[in-house]
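Trainee: This one is my_file25.cif, mmCIF, N, CA and C atoms and all ligand atoms.
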data_start
#
loop_
_atom_site.label_atom_id
_atom_site.label_comp_id
_atom_site.auth_asym_id
_atom_site.auth_seq_id
_atom_site.Cartn_x
_atom_site.Cartn_y
_atom_site.Cartn_z
N MET A 41 0.86 -1.19 0.00
CA MET A 41 0.00 0.00 0.00
C MET A 41 0.89 1.23 0.00
N GLY A 42 0.67 2.10 -0.93
CA GLY A 42 1.50 3.30 -1.00
C GLY A 42 0.67 4.49 -1.46
N PRO A 43 1.26 5.66 -1.44
CA PRO A 43 0.55 6.87 -1.86
C PRO A 43 0.36 6.90 -3.38
N VAL A 44 -0.81 7.33 -3.81
CA VAL A 44 -1.05 7.47 -5.24
C VAL A 44 -0.53 8.84 -5.67
N ILE A 45 0.41 8.82 -6.60
CA ILE A 45 1.11 10.02 -7.04
C ILE A 45 0.58 10.47 -8.39
N PHE A 46 0.27 11.76 -8.51
CA PHE A 46 -0.07 12.33 -9.81
C PHE A 46 0.90 13.46 -10.12
N ARG A 47 1.02 13.77 -11.40
CA ARG A 47 1.90 14.85 -11.82
C ARG A 47 1.06 16.07 -12.13
N CYS A 48 1.39 17.18 -11.52
CA CYS A 48 0.71 18.44 -11.79
C CYS A 48 0.98 18.84 -13.24
N PRO A 49 -0.07 19.02 -14.04
CA PRO A 49 0.14 19.36 -15.45
C PRO A 49 0.70 20.78 -15.65
N LYS A 50 0.60 21.58 -14.62
CA LYS A 50 1.04 22.97 -14.74
C LYS A 50 2.54 23.12 -14.42
N THR A 51 2.96 22.41 -13.38
CA THR A 51 4.35 22.56 -12.93
C THR A 51 5.20 21.33 -13.24
N GLN A 52 4.54 20.25 -13.69
CA GLN A 52 5.22 18.99 -13.98
C GLN A 52 5.84 18.36 -12.73
N LYS A 53 5.41 18.82 -11.56
CA LYS A 53 5.90 18.21 -10.33
C LYS A 53 4.91 17.15 -9.86
N GLU A 54 5.44 16.13 -9.23
CA GLU A 54 4.58 15.06 -8.73
C GLU A 54 4.15 15.37 -7.31
N PHE A 55 2.92 14.94 -6.99
CA PHE A 55 2.45 15.15 -5.63
C PHE A 55 1.61 13.98 -5.17
N ASP A 56 1.52 13.88 -3.87
CA ASP A 56 0.76 12.81 -3.23
C ASP A 56 -0.72 13.20 -3.22
N SER A 57 -1.55 12.38 -3.84
CA SER A 57 -2.98 12.70 -3.93
C SER A 57 -3.70 12.55 -2.60
N GLY A 58 -3.06 11.87 -1.67
CA GLY A 58 -3.71 11.61 -0.39
C GLY A 58 -4.40 10.25 -0.36
N PHE A 59 -4.54 9.63 -1.54
CA PHE A 59 -5.11 8.29 -1.60
C PHE A 59 -4.01 7.26 -1.36
N ARG A 60 -4.43 6.13 -0.83
CA ARG A 60 -3.49 5.02 -0.68
C ARG A 60 -4.02 3.84 -1.48
N ALA A 61 -3.18 3.17 -2.19
CA ALA A 61 -3.63 2.05 -3.01
C ALA A 61 -2.48 1.08 -3.25
N GLU A 62 -2.85 -0.11 -3.61
CA GLU A 62 -1.87 -1.08 -4.09
C GLU A 62 -1.66 -0.82 -5.59
N VAL A 63 -0.50 -1.19 -6.07
CA VAL A 63 -0.25 -1.07 -7.51
C VAL A 63 -1.32 -1.81 -8.29
N ALA A 64 -1.72 -2.99 -7.80
CA ALA A 64 -2.74 -3.79 -8.48
C ALA A 64 -4.08 -3.07 -8.52
N ASP A 65 -4.36 -2.24 -7.50
CA ASP A 65 -5.63 -1.51 -7.49
C ASP A 65 -5.69 -0.54 -8.66
N LEU A 66 -4.58 0.16 -8.89
CA LEU A 66 -4.56 1.12 -9.99
C LEU A 66 -4.68 0.41 -11.33
N GLU A 67 -4.05 -0.75 -11.41
CA GLU A 67 -4.06 -1.48 -12.68
C GLU A 67 -5.45 -2.00 -13.02
N THR A 68 -6.26 -2.21 -11.99
CA THR A 68 -7.61 -2.73 -12.25
C THR A 68 -8.64 -1.61 -12.41
N MET A 69 -8.21 -0.36 -12.17
CA MET A 69 -9.10 0.78 -12.39
C MET A 69 -9.37 0.91 -13.89
N PRO A 70 -10.58 1.34 -14.24
CA PRO A 70 -10.80 1.66 -15.65
C PRO A 70 -9.80 2.73 -16.08
N GLN A 71 -9.12 2.50 -17.17
CA GLN A 71 -8.02 3.39 -17.55
C GLN A 71 -8.49 4.81 -17.87
N MET A 72 -9.76 4.95 -18.25
CA MET A 72 -10.25 6.27 -18.58
C MET A 72 -10.95 6.94 -17.40
N ALA A 73 -11.03 6.25 -16.28
CA ALA A 73 -11.66 6.85 -15.10
C ALA A 73 -10.84 8.07 -14.67
N THR A 74 -11.54 9.11 -14.29
CA THR A 74 -10.83 10.33 -13.91
C THR A 74 -11.21 10.74 -12.49
N ILE A 75 -10.36 11.58 -11.94
CA ILE A 75 -10.59 12.07 -10.59
C ILE A 75 -10.18 13.54 -10.57
N ARG A 76 -10.99 14.33 -9.89
CA ARG A 76 -10.66 15.76 -9.77
C ARG A 76 -10.06 16.00 -8.40
N LEU A 77 -8.93 16.61 -8.39
CA LEU A 77 -8.22 16.85 -7.14
C LEU A 77 -7.74 18.29 -7.08
N ARG A 78 -7.70 18.81 -5.85
CA ARG A 78 -7.02 20.09 -5.68
C ARG A 78 -5.54 19.81 -5.54
N CYS A 79 -4.79 20.39 -6.42
CA CYS A 79 -3.36 20.16 -6.47
C CYS A 79 -2.67 20.82 -5.28
N VAL A 80 -1.82 20.07 -4.61
CA VAL A 80 -1.14 20.64 -3.45
C VAL A 80 0.03 21.53 -3.87
N ILE A 81 0.39 21.49 -5.13
CA ILE A 81 1.53 22.27 -5.62
C ILE A 81 1.10 23.66 -6.08
N CYS A 82 0.06 23.71 -6.92
CA CYS A 82 -0.35 25.01 -7.45
C CYS A 82 -1.74 25.42 -6.96
N ALA A 83 -2.38 24.56 -6.16
CA ALA A 83 -3.66 24.87 -5.51
C ALA A 83 -4.82 25.01 -6.48
N GLU A 84 -4.63 24.56 -7.72
CA GLU A 84 -5.74 24.54 -8.66
C GLU A 84 -6.34 23.14 -8.71
N ILE A 85 -7.58 23.06 -9.24
CA ILE A 85 -8.21 21.76 -9.43
C ILE A 85 -7.78 21.21 -10.78
N HIS A 86 -7.26 20.00 -10.78
CA HIS A 86 -6.92 19.33 -12.03
C HIS A 86 -7.74 18.06 -12.12
N GLU A 87 -7.97 17.62 -13.34
CA GLU A 87 -8.62 16.34 -13.55
C GLU A 87 -7.55 15.36 -14.03
N PHE A 88 -7.44 14.25 -13.31
CA PHE A 88 -6.41 13.27 -13.63
C PHE A 88 -7.07 11.96 -14.05
N LYS A 89 -6.45 11.28 -14.97
CA LYS A 89 -6.84 9.91 -15.25
C LYS A 89 -6.07 9.00 -14.30
N PHE A 90 -6.74 7.96 -13.84
CA PHE A 90 -6.02 7.01 -13.00
C PHE A 90 -4.84 6.42 -13.75
N ALA A 91 -4.99 6.33 -15.06
CA ALA A 91 -3.91 5.79 -15.89
C ALA A 91 -2.65 6.64 -15.79
N ASP A 92 -2.83 7.92 -15.43
CA ASP A 92 -1.68 8.82 -15.34
C ASP A 92 -1.00 8.78 -13.97
N GLY A 93 -1.67 8.16 -13.02
CA GLY A 93 -1.10 8.11 -11.68
C GLY A 93 -0.25 6.88 -11.48
N HIS A 94 0.51 6.89 -10.42
CA HIS A 94 1.23 5.69 -10.06
C HIS A 94 1.35 5.62 -8.54
N VAL A 95 1.61 4.43 -8.06
CA VAL A 95 1.74 4.24 -6.62
C VAL A 95 3.20 4.47 -6.24
N GLY A 96 3.41 5.42 -5.37
CA GLY A 96 4.76 5.75 -4.93
C GLY A 96 5.18 4.90 -3.75
N GLU A 97 6.36 5.21 -3.24
CA GLU A 97 6.88 4.49 -2.10
C GLU A 97 6.15 4.95 -0.84
N ALA A 98 5.83 3.99 0.00
CA ALA A 98 5.25 4.36 1.28
C ALA A 98 6.29 5.13 2.09
N ALA A 99 5.80 6.00 2.95
CA ALA A 99 6.72 6.83 3.73
C ALA A 99 7.63 5.97 4.59
N SER A 100 7.11 4.80 4.98
CA SER A 100 7.88 3.92 5.85
C SER A 100 8.54 2.80 5.04
N ALA A 101 8.93 3.10 3.81
CA ALA A 101 9.53 2.07 2.96
C ALA A 101 10.79 1.49 3.60
N GLN A 102 10.94 0.22 3.43
CA GLN A 102 12.13 -0.42 3.99
C GLN A 102 13.35 -0.02 3.17
N PRO A 103 14.51 0.05 3.81
CA PRO A 103 15.74 0.31 3.04
C PRO A 103 15.99 -0.83 2.06
N ARG A 104 16.54 -0.46 0.91
CA ARG A 104 16.81 -1.50 -0.10
C ARG A 104 18.03 -2.30 0.27
ZN ZN B 1 -1.17 21.70 -10.13
#
As a first step, turn the structure in this file into structure tokens.
Mentor:
Amino acid sequence: MGPVIFRCPKTQKEFDSGFRAEVADLETMPQMATIRLRCVICAEIHEFKFADGHVGEAASAQPR
């Protein structure tokens, strides 16, 4: 379980959407499903496709 990361289309920076999911959860989402989020980087509302997101490392990731 890790944070779902989206890329801000305005700044091209990635941010944590606040959702937590398994990689498999994202893969089973309809690829065209979208979600509207307030971007924590530029504070605007963007619409993201789940297909554009990815699951990042959990904050408590084990050392490699
Ligand atoms: Zn943004």
Trainee: Would you list the residues near (-4.1, 6.9, -16.1) (no more than 8 Å away, in the coordinates of the file, using only N, CA and C atoms) as a PyMOL selection string?
Mentor: chain A and resi 70-74+88-94
Trainee: Which distance in Å separates atom C of Arg78 in chain A and atom C of Thr51 in chain A, to one decimal?
Mentor: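 That distance, rounded to one decimal, is 13.3 Å.
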Trainee: Which protein, DNA or RNA residues have an atom within 9 Å of ligand ZN 1 (chain B), counting only C-alpha atoms and all ligand atoms, as a VMD selection string?
Mentor: chain A and resid 47 to 55 78 to 86
Trainee: How many Å separate CA of Val44 in chain A from atom C of Ala64 in chain A?
Mentor: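 If I compute the distance from CA of Val44 in chain A to atom C of Ala64 in chain A, I get 11.4 Å.
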Trainee: Considering only strand (DSSP E) as DSSP defines it on the backbone, what residues of chain A qualify? List them as JSON, numbers by chain.
Mentor: {"A": [42, 43, 44, 45, 46, 47, 54, 55, 56, 57, 58, 59, 60, 61, 74, 75, 76, 77, 78, 85, 86, 87, 88, 89, 94, 95]}
Trainee: Report, in Å with one decimal, the straight-line distance from CA of Arg60 in chain A to CA of Val95 in chain A.
Mentor: 8.0 Å
Trainee: Would you please give, as a list in words, all residues of chain A that DSSP assigns to alpha helix (DSSP H) based on the backbone?
Mentor: Val63, Ala64, Asp65, Leu66, Glu67 and Thr68 of chain A
